[in-house]
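Trainee: What follows is query-v3.cif; its format and atoms are mmCIF, C-alpha atoms.
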data_coords
loop_
_atom_site.label_atom_id
_atom_site.label_comp_id
_atom_site.auth_asym_id
_atom_site.auth_seq_id
_atom_site.Cartn_x
_atom_site.Cartn_y
_atom_site.Cartn_z
CA ASP A 12 18.44 7.91 -0.67
CA THR A 13 15.82 5.70 0.96
CA ALA A 14 12.99 5.11 -1.49
CA VAL A 15 10.25 4.30 1.02
CA SER A 16 10.84 5.29 4.62
CA GLN A 17 8.78 4.73 7.73
CA THR A 18 8.96 6.17 11.22
CA PRO A 19 9.25 4.95 13.81
CA LYS A 20 10.97 1.62 13.26
CA TYR A 21 9.84 0.33 16.64
CA LEU A 22 6.81 1.39 18.65
CA VAL A 23 5.98 0.02 22.09
CA THR A 24 2.84 1.30 23.73
CA GLN A 25 0.09 0.48 26.18
CA MET A 26 -3.35 -0.79 25.34
CA GLY A 27 -5.85 1.99 24.79
CA ASN A 28 -3.32 4.52 23.52
CA ASP A 29 -3.47 6.26 20.15
CA LYS A 30 -0.42 6.15 17.90
CA SER A 31 0.63 7.11 14.38
CA ILE A 32 3.07 5.66 11.89
CA LYS A 33 4.42 7.82 9.12
CA CYS A 34 5.46 6.83 5.62
CA GLU A 35 7.17 8.81 2.89
CA GLN A 36 8.25 7.81 -0.60
CA ASN A 37 10.62 9.75 -2.83
CA LEU A 38 10.02 7.68 -5.97
CA GLY A 39 7.40 9.98 -7.44
CA HIS A 40 4.84 7.19 -7.30
CA ASP A 41 1.12 7.81 -7.41
CA THR A 42 -0.01 4.96 -5.19
CA MET A 43 0.80 4.03 -1.61
CA TYR A 44 -0.24 1.10 0.57
CA TRP A 45 -0.33 -0.12 4.14
CA TYR A 46 0.14 -3.80 4.90
CA LYS A 47 0.00 -5.67 8.17
CA GLN A 48 2.32 -8.62 8.78
CA ASP A 49 1.21 -10.79 11.65
CA SER A 50 3.27 -13.01 13.92
CA LYS A 51 3.10 -15.83 11.37
CA LYS A 52 4.56 -13.45 8.78
CA PHE A 53 1.35 -13.38 6.76
CA LEU A 54 1.07 -10.12 4.82
CA LYS A 55 -2.30 -8.56 4.22
CA ILE A 56 -3.25 -5.33 2.49
CA MET A 57 -5.04 -2.82 4.67
CA PHE A 58 -5.34 0.37 2.63
CA SER A 59 -4.26 1.90 -0.63
CA TYR A 60 -4.28 5.51 -1.77
CA ASN A 61 -3.86 6.80 -5.30
CA ASN A 62 -3.11 10.51 -5.62
CA LYS A 63 -4.49 11.08 -2.11
CA GLU A 64 -7.69 9.18 -2.86
CA LEU A 65 -8.59 6.01 -0.96
CA ILE A 66 -8.95 3.12 -3.40
CA ILE A 67 -8.58 0.04 -1.21
CA ASN A 68 -10.06 -0.30 2.22
CA GLU A 69 -9.99 -3.88 3.35
CA THR A 70 -11.91 -5.18 6.33
CA VAL A 71 -10.02 -3.19 8.90
CA PRO A 72 -11.43 -1.89 12.20
CA ASN A 73 -12.34 1.77 11.98
CA ARG A 74 -9.83 2.41 14.75
CA PHE A 75 -7.34 2.44 11.86
CA SER A 76 -7.43 5.62 9.83
CA PRO A 77 -5.04 6.33 6.98
CA LYS A 78 -4.31 9.87 5.95
CA SER A 79 -2.54 11.06 2.83
CA PRO A 80 -1.61 14.75 2.99
CA ASP A 81 0.04 14.49 -0.43
CA LYS A 82 0.91 11.69 -2.78
CA ALA A 83 4.37 11.25 -1.27
CA HIS A 84 3.04 10.60 2.24
CA LEU A 85 0.67 8.08 3.73
CA ASN A 86 0.28 8.00 7.49
CA LEU A 87 -1.54 5.43 9.59
CA HIS A 88 -3.26 6.48 12.78
CA ILE A 89 -4.50 3.86 15.20
CA ASN A 90 -6.93 4.68 18.00
CA SER A 91 -7.53 2.70 21.17
CA LEU A 92 -4.77 0.20 20.54
CA GLU A 93 -5.47 -3.45 21.32
CA LEU A 94 -3.17 -6.39 21.96
CA GLY A 95 -4.12 -7.87 18.59
CA ASP A 96 -2.76 -4.81 16.82
CA SER A 97 0.78 -5.96 17.62
CA ALA A 98 2.38 -6.66 14.25
CA VAL A 99 4.81 -5.28 11.71
CA TYR A 100 3.26 -2.62 9.51
CA PHE A 101 4.71 -2.07 6.07
CA CYS A 102 4.23 0.88 3.83
CA ALA A 103 4.69 0.42 0.07
CA SER A 104 4.36 2.45 -3.09
CA SER A 105 3.90 1.80 -6.79
CA GLN A 106 3.83 3.92 -9.89
CA ASP A 107 0.21 3.21 -10.68
CA HIS A 108 -2.66 1.25 -9.20
CA ALA A 109 -4.51 0.45 -12.37
CA ALA A 110 -2.06 -2.16 -13.48
CA GLY A 111 -2.10 -5.16 -11.19
CA GLY A 112 1.40 -5.88 -12.28
CA ASP A 113 2.95 -2.72 -10.97
CA THR A 114 5.93 -3.41 -8.75
CA GLN A 115 5.43 -2.35 -5.18
CA TYR A 116 8.39 -0.97 -3.25
CA PHE A 117 8.32 -1.62 0.45
CA GLY A 118 9.53 0.35 3.42
CA PRO A 119 11.55 -1.27 6.22
CA GLY A 120 8.50 -1.80 8.43
CA THR A 121 7.36 -0.58 11.82
CA ARG A 122 7.20 -3.15 14.58
CA LEU A 123 4.29 -2.25 16.84
CA THR A 124 4.07 -3.91 20.24
CA VAL A 125 1.01 -3.30 22.36
CA LEU A 126 1.39 -4.18 26.04
CA ALA B 16 -10.52 -13.45 -5.75
CA GLN B 17 -6.94 -14.41 -6.24
CA SER B 18 -4.90 -16.48 -3.79
CA VAL B 19 -1.41 -17.88 -3.43
CA THR B 20 -0.22 -21.08 -1.81
CA GLN B 21 3.34 -21.72 -0.78
CA PRO B 22 3.35 -25.37 0.28
CA ASP B 23 6.72 -25.32 2.04
CA ILE B 24 6.81 -23.45 5.32
CA HIS B 25 10.50 -24.03 5.93
CA ILE B 26 13.34 -25.29 3.73
CA THR B 27 16.90 -25.99 4.84
CA VAL B 28 19.57 -26.16 2.20
CA SER B 29 23.34 -26.48 2.27
CA GLU B 30 25.45 -23.64 0.99
CA GLY B 31 26.25 -24.27 -2.65
CA ALA B 32 23.28 -26.54 -3.19
CA SER B 33 20.35 -25.72 -5.43
CA LEU B 34 17.11 -24.28 -4.13
CA GLU B 35 13.56 -24.47 -5.40
CA LEU B 36 10.62 -22.77 -3.73
CA ARG B 37 7.13 -23.70 -4.78
CA CYS B 38 4.28 -21.32 -5.47
CA ASN B 39 0.78 -22.08 -6.72
CA TYR B 40 -1.73 -19.39 -7.52
CA SER B 41 -5.43 -19.15 -8.13
CA TYR B 42 -6.65 -16.41 -10.44
CA GLY B 43 -9.21 -16.39 -13.22
CA ALA B 44 -7.32 -14.24 -15.69
CA THR B 45 -3.71 -13.92 -16.71
CA PRO B 46 -1.88 -13.33 -13.46
CA TYR B 47 0.81 -10.89 -12.57
CA LEU B 48 3.25 -12.90 -10.47
CA PHE B 49 5.98 -11.77 -8.15
CA TRP B 50 8.62 -13.14 -5.83
CA TYR B 51 9.77 -10.97 -2.93
CA VAL B 52 12.48 -11.65 -0.36
CA GLN B 53 12.48 -10.41 3.21
CA SER B 54 15.76 -10.56 5.12
CA PRO B 55 15.55 -10.59 8.91
CA GLY B 56 14.32 -7.27 10.23
CA GLN B 57 14.05 -5.80 6.75
CA GLY B 58 11.34 -4.82 4.32
CA LEU B 59 10.47 -6.77 1.19
CA GLN B 60 12.63 -6.62 -1.90
CA LEU B 61 11.45 -7.64 -5.34
CA LEU B 62 13.40 -10.58 -6.79
CA LEU B 63 11.53 -10.93 -10.08
CA LYS B 64 8.14 -10.66 -11.71
CA TYR B 65 6.18 -12.16 -14.59
CA PHE B 66 3.55 -10.43 -16.68
CA SER B 67 3.66 -12.08 -20.07
CA GLY B 68 6.06 -13.39 -22.68
CA ASP B 69 8.92 -15.72 -21.88
CA THR B 70 7.80 -18.01 -19.11
CA LEU B 71 11.30 -18.26 -17.64
CA VAL B 72 12.06 -15.05 -15.79
CA GLN B 73 15.45 -13.95 -14.56
CA GLY B 74 15.75 -11.89 -11.42
CA ILE B 75 18.31 -10.38 -9.13
CA LYS B 76 20.79 -12.29 -6.97
CA GLY B 77 20.91 -15.20 -9.42
CA PHE B 78 17.27 -16.22 -8.98
CA GLU B 79 14.93 -17.34 -11.73
CA ALA B 80 11.32 -18.45 -11.83
CA GLU B 81 9.24 -20.37 -14.32
CA PHE B 82 5.58 -19.70 -15.02
CA LYS B 83 3.57 -22.83 -15.84
CA ARG B 84 0.00 -21.98 -16.69
CA SER B 85 -1.08 -25.63 -16.87
CA GLN B 86 0.05 -26.16 -13.28
CA SER B 87 -0.84 -22.68 -11.99
CA SER B 88 2.66 -22.49 -10.65
CA PHE B 89 5.46 -19.97 -10.45
CA ASN B 90 8.37 -21.74 -8.77
CA LEU B 91 11.53 -19.91 -7.78
CA ARG B 92 14.95 -21.46 -8.28
CA LYS B 93 18.57 -20.74 -7.62
CA PRO B 94 21.34 -23.10 -8.80
CA SER B 95 23.74 -22.45 -5.92
CA VAL B 96 22.69 -20.77 -2.69
CA HIS B 97 24.86 -18.49 -0.60
CA TRP B 98 24.60 -18.01 3.15
CA SER B 99 23.18 -14.55 2.48
CA ASP B 100 20.13 -16.15 0.81
CA ALA B 101 18.78 -17.14 4.21
CA ALA B 102 15.54 -15.18 4.40
CA GLU B 103 11.78 -15.32 4.06
CA TYR B 104 10.49 -15.65 0.50
CA PHE B 105 7.04 -14.53 -0.55
CA CYS B 106 5.20 -15.30 -3.74
CA ALA B 107 2.46 -12.85 -4.70
CA VAL B 108 -0.19 -12.43 -7.36
CA GLY B 109 -1.43 -9.06 -8.56
CA SER B 110 -4.80 -8.46 -10.12
CA ASN B 111 -6.63 -5.63 -11.80
CA ASP B 112 -8.55 -4.82 -8.64
CA TYR B 113 -5.36 -3.12 -7.46
CA LYS B 114 -4.51 -5.77 -4.88
CA LEU B 115 -1.38 -7.80 -4.33
CA SER B 116 -2.09 -11.07 -2.54
CA PHE B 117 0.77 -12.80 -0.79
CA GLY B 118 1.42 -16.39 0.09
CA ALA B 119 2.28 -17.32 3.66
CA GLY B 120 5.99 -17.32 2.88
CA THR B 121 8.78 -19.90 2.95
CA THR B 122 11.63 -19.57 5.41
CA VAL B 123 14.96 -20.59 3.92
CA THR B 124 17.77 -21.64 6.21
CA VAL B 125 21.24 -22.10 4.75
CA ARG B 126 23.62 -24.41 6.54
CA ALA B 127 27.37 -24.25 6.11
#
Show the structure stored in the file as structure tokens.
Mentor:
Amino acid sequence: DTAVSQTPKYLVTQMGNDKSIKCEQNLGHDTMYWYKQDSKKFLKIMFSYNNKELIINETVPNRFSPKSPDKAHLNLHINSLELGDSAVYFCASSQDHAAGGDTQYFGPGTRLTVL
Amino acid sequence: AQSVTQPDIHITVSEGASLELRCNYSYGATPYLFWYVQSPGQGLQLLLKYFSGDTLVQGIKGFEAEFKRSQSSFNLRKPSVHWSDAAEYFCAVGSNDYKLSFGAGTTVTVRA
């Protein structure tokens, strides 16, 4: 009964490769997010989708492309991976985006290591 | 833009002792404030949140936090820590531009 799930949990790849991380939520929420947690554990928002529409797009290289096939899924595709992309990527969801106080529910994270 | 400061990078506390984690925020309007906990290798779990009303908020696992507008603070407390409380704790502020901004986190180590 996992609320927010991500696959894979671990991803090790070579520089220059293209990879995808998948996220699914079964909470019936309208909004989903991608966060990046760096080696110092600092969490930063990357993207947010509400009902399949992009509503937050922080300063992220265009090698990162989110895709939301439906409101229960938000995938993250990364082209031409670089060493600096190594991090833990968290997916999250919330009922609504309009209220800044909406609780966000986080997935378990995907640890990406670029060699 | 909103921001969060967690002044303590690392706190060590003995099992059974009290714990207080500091959080200061910067936001022009009434903030939405959150505390999340991240256990090793896990995702983030919400401990508690404050929107309005009573400034002392009760959360899960015996945690509470107090909102002090005059000090722009939202400190987290627990009267008696358990070994399982060893984790990373994040304070966050939400705003009406849809974003949740996190502090840098405080690592809590519990010694026997």
Trainee: Show which residues sit within 12 Å of region 77-83 of chain A, as JSON, numbers by chain. Count all atoms listed in the file, and ignore same-chain residues fewer than 3 positions away.
Mentor: {"A": [14, 15, 16, 17, 30, 31, 32, 33, 34, 35, 36, 37, 38, 39, 40, 41, 42, 43, 44, 45, 46, 57, 58, 59, 60, 61, 62, 63, 64, 65, 66, 67, 68, 69, 71, 72, 73, 74, 86, 87, 88, 89, 90, 102, 103, 104, 105, 106, 107]}
Trainee: So that I can check the surroundings of Leu126 (chain A), please list as an mmCIF file with C-alpha atoms, in the frame of the given file every protein, DNA and RNA residue that reaches within 8 Å of it, counting all atoms listed in the file and ignoring chain neighbours fewer than 5 positions away.
Mentor:
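part-v4.cif written:
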data_model
loop_
_atom_site.group_PDB
_atom_site.id
_atom_site.type_symbol
_atom_site.label_atom_id
_atom_site.label_comp_id
_atom_site.auth_asym_id
_atom_site.auth_seq_id
_atom_site.Cartn_x
_atom_site.Cartn_y
_atom_site.Cartn_z
ATOM 1 C CA VAL A 23 5.980 0.020 22.090
ATOM 2 C CA THR A 24 2.840 1.300 23.730
ATOM 3 C CA GLN A 25 0.090 0.480 26.180
ATOM 4 C CA MET A 26 -3.350 -0.790 25.340
ATOM 5 C CA LEU A 94 -3.170 -6.390 21.960
#
Trainee: State, in Å with one decimal place, the distance from CA of Phe49 (chain B) to CA of Leu61 (chain B).
Mentor: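 These atoms are spaced 7.4 Å apart.
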Trainee: Since I can't run it myself right now, could you work out what the PyMOL selection byres ((chain B) within 9 of (chain A)) selects here and report it as a VMD selection string?
Mentor: chain B and resid 46 to 49 56 to 61 64 to 66 103 108 to 120
Trainee: Given the PyMOL selection byres ((chain B and resi 28) around 10) and the file above, list the residues it selects as a list in words.
Mentor: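 Here the PyMOL selection byres ((chain B and resi 28) around 10) matches Ile26, Thr27, Ser29, Glu30, Gly31, Ala32, Ser33, Leu34, Glu35, Ser95, Val96, His97, Trp98, Ala101, Val123, Thr124, Val125, Arg126 and Ala127 of chain B.
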Trainee: Step by step, gather every atom of region 25-35 of chain A that the file lists, find the box along x, y and z that holds them, add 5 Å on each side, and finally give centre and edge lengths in Å to one decimal, as AutoDock Vina command-line options.
Mentor:
--center_x 0.7 --center_y 4.0 --center_z 14.5 --size_x 23.0 --size_y 19.6 --size_z 33.3
Trainee: Convert the output of the PyMOL selection byres ((chain B and resi 86) around 12) on the shown file into explicit residues, formatted as an MDAnalysis selection string.
Mentor: chainID B and resid 37:41 81:85 87:90
Trainee: CA of Ala98 (chain A) and CA of Ala107 (chain B) are how many Å apart?
Mentor: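 Computing the Euclidean distance for CA of Ala98 (chain A) and CA of Ala107 (chain B) yields 19.9 Å.
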Trainee: For a quick check of your reading of the model, name the residues lying within 6 Å of the coordinate (-6.5, 4.6, 21.6), counting only C-alpha atoms, and write them as a PyMOL selection string.
Mentor: chain A and resi 27-29+90-92
Trainee: Which distance in Å separates CA of Asp100 (chain B) and CA of Gln53 (chain B), to one decimal?
Mentor: 9.9 Å
Trainee: Please fill the gaps in region 72-83 of chain A so it has all heavy atoms, and write that as an mmCIF file, in the frame of the given file.
Mentor:
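This went into out.cif:
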data_model
loop_
_atom_site.group_PDB
_atom_site.id
_atom_site.type_symbol
_atom_site.label_atom_id
_atom_site.label_comp_id
_atom_site.auth_asym_id
_atom_site.auth_seq_id
_atom_site.Cartn_x
_atom_site.Cartn_y
_atom_site.Cartn_z
ATOM 1 N N PRO A 72 -10.651 -2.649 11.207
ATOM 2 C CA PRO A 72 -11.430 -1.890 12.200
ATOM 3 C C PRO A 72 -11.318 -0.393 11.966
ATOM 4 O O PRO A 72 -10.262 0.113 11.550
ATOM 5 C CB PRO A 72 -10.780 -2.297 13.526
ATOM 6 C CG PRO A 72 -10.159 -3.608 13.264
ATOM 7 C CD PRO A 72 -9.712 -3.588 11.830
ATOM 8 N N ASN A 73 -12.393 0.335 12.237
ATOM 9 C CA ASN A 73 -12.340 1.770 11.980
ATOM 10 C C ASN A 73 -11.485 2.516 12.987
ATOM 11 O O ASN A 73 -11.383 3.748 12.930
ATOM 12 C CB ASN A 73 -13.747 2.373 11.880
ATOM 13 C CG ASN A 73 -14.557 2.123 13.134
ATOM 14 O OD1 ASN A 73 -14.012 1.769 14.177
ATOM 15 N ND2 ASN A 73 -15.861 2.291 13.031
ATOM 16 N N ARG A 74 -10.846 1.791 13.893
ATOM 17 C CA ARG A 74 -9.830 2.410 14.750
ATOM 18 C C ARG A 74 -8.589 2.777 13.927
ATOM 19 O O ARG A 74 -7.762 3.574 14.366
ATOM 20 C CB ARG A 74 -9.407 1.450 15.864
ATOM 21 C CG ARG A 74 -10.530 1.044 16.808
ATOM 22 C CD ARG A 74 -10.011 0.152 17.911
ATOM 23 N NE ARG A 74 -9.557 -1.155 17.409
ATOM 24 C CZ ARG A 74 -8.293 -1.507 17.262
ATOM 25 N NH1 ARG A 74 -7.317 -0.652 17.585
ATOM 26 N NH2 ARG A 74 -7.966 -2.709 16.818
ATOM 27 N N PHE A 75 -8.469 2.160 12.751
ATOM 28 C CA PHE A 75 -7.340 2.440 11.860
ATOM 29 C C PHE A 75 -7.789 3.485 10.851
ATOM 30 O O PHE A 75 -8.777 3.275 10.134
ATOM 31 C CB PHE A 75 -6.912 1.176 11.112
ATOM 32 C CG PHE A 75 -6.250 0.158 11.980
ATOM 33 C CD1 PHE A 75 -7.008 -0.672 12.792
ATOM 34 C CD2 PHE A 75 -4.874 0.024 11.989
ATOM 35 C CE1 PHE A 75 -6.392 -1.617 13.604
ATOM 36 C CE2 PHE A 75 -4.255 -0.922 12.790
ATOM 37 C CZ PHE A 75 -5.018 -1.753 13.601
ATOM 38 N N SER A 76 -7.068 4.589 10.785
ATOM 39 C CA SER A 76 -7.430 5.620 9.830
ATOM 40 C C SER A 76 -6.192 6.091 9.083
ATOM 41 O O SER A 76 -5.278 6.682 9.670
ATOM 42 C CB SER A 76 -8.137 6.799 10.512
ATOM 43 O OG SER A 76 -7.353 7.278 11.583
ATOM 44 N N PRO A 77 -6.152 5.834 7.784
ATOM 45 C CA PRO A 77 -5.040 6.330 6.980
ATOM 46 C C PRO A 77 -5.289 7.773 6.589
ATOM 47 O O PRO A 77 -6.437 8.202 6.445
ATOM 48 C CB PRO A 77 -5.098 5.421 5.752
ATOM 49 C CG PRO A 77 -6.533 5.046 5.625
ATOM 50 C CD PRO A 77 -7.121 5.055 7.011
ATOM 51 N N LYS A 78 -4.185 8.493 6.413
ATOM 52 C CA LYS A 78 -4.310 9.870 5.950
ATOM 53 C C LYS A 78 -3.175 10.155 4.982
ATOM 54 O O LYS A 78 -2.022 9.865 5.267
ATOM 55 C CB LYS A 78 -4.260 10.844 7.128
ATOM 56 C CG LYS A 78 -5.536 10.885 7.949
ATOM 57 C CD LYS A 78 -5.582 12.010 8.938
ATOM 58 C CE LYS A 78 -6.943 12.131 9.610
ATOM 59 N NZ LYS A 78 -7.478 10.865 10.108
ATOM 60 N N SER A 79 -3.532 10.754 3.857
ATOM 61 C CA SER A 79 -2.540 11.060 2.830
ATOM 62 C C SER A 79 -2.549 12.556 2.560
ATOM 63 O O SER A 79 -3.356 13.043 1.765
ATOM 64 C CB SER A 79 -2.865 10.282 1.551
ATOM 65 O OG SER A 79 -1.897 10.528 0.565
ATOM 66 N N PRO A 80 -1.634 13.300 3.191
ATOM 67 C CA PRO A 80 -1.610 14.750 2.990
ATOM 68 C C PRO A 80 -1.180 15.150 1.575
ATOM 69 O O PRO A 80 -1.580 16.204 1.074
ATOM 70 C CB PRO A 80 -0.603 15.240 4.026
ATOM 71 C CG PRO A 80 0.219 14.044 4.359
ATOM 72 C CD PRO A 80 -0.645 12.846 4.162
ATOM 73 N N ASP A 81 -0.358 14.300 0.963
ATOM 74 C CA ASP A 81 0.040 14.490 -0.430
ATOM 75 C C ASP A 81 0.459 13.127 -0.949
ATOM 76 O O ASP A 81 0.551 12.170 -0.179
ATOM 77 C CB ASP A 81 1.171 15.519 -0.574
ATOM 78 C CG ASP A 81 2.371 15.177 0.286
ATOM 79 O OD1 ASP A 81 2.979 14.106 0.061
ATOM 80 O OD2 ASP A 81 2.685 15.955 1.206
ATOM 81 N N LYS A 82 0.731 13.044 -2.237
ATOM 82 C CA LYS A 82 0.910 11.690 -2.780
ATOM 83 C C LYS A 82 2.234 11.063 -2.370
ATOM 84 O O LYS A 82 2.455 9.886 -2.620
ATOM 85 C CB LYS A 82 0.733 11.694 -4.296
ATOM 86 C CG LYS A 82 1.837 12.310 -5.099
ATOM 87 C CD LYS A 82 1.551 12.113 -6.572
ATOM 88 C CE LYS A 82 2.767 12.463 -7.404
ATOM 89 N NZ LYS A 82 2.544 12.217 -8.849
ATOM 90 N N ALA A 83 3.101 11.804 -1.735
ATOM 91 C CA ALA A 83 4.370 11.250 -1.270
ATOM 92 C C ALA A 83 4.284 10.740 0.172
ATOM 93 O O ALA A 83 5.241 10.140 0.659
ATOM 94 C CB ALA A 83 5.468 12.294 -1.373
#
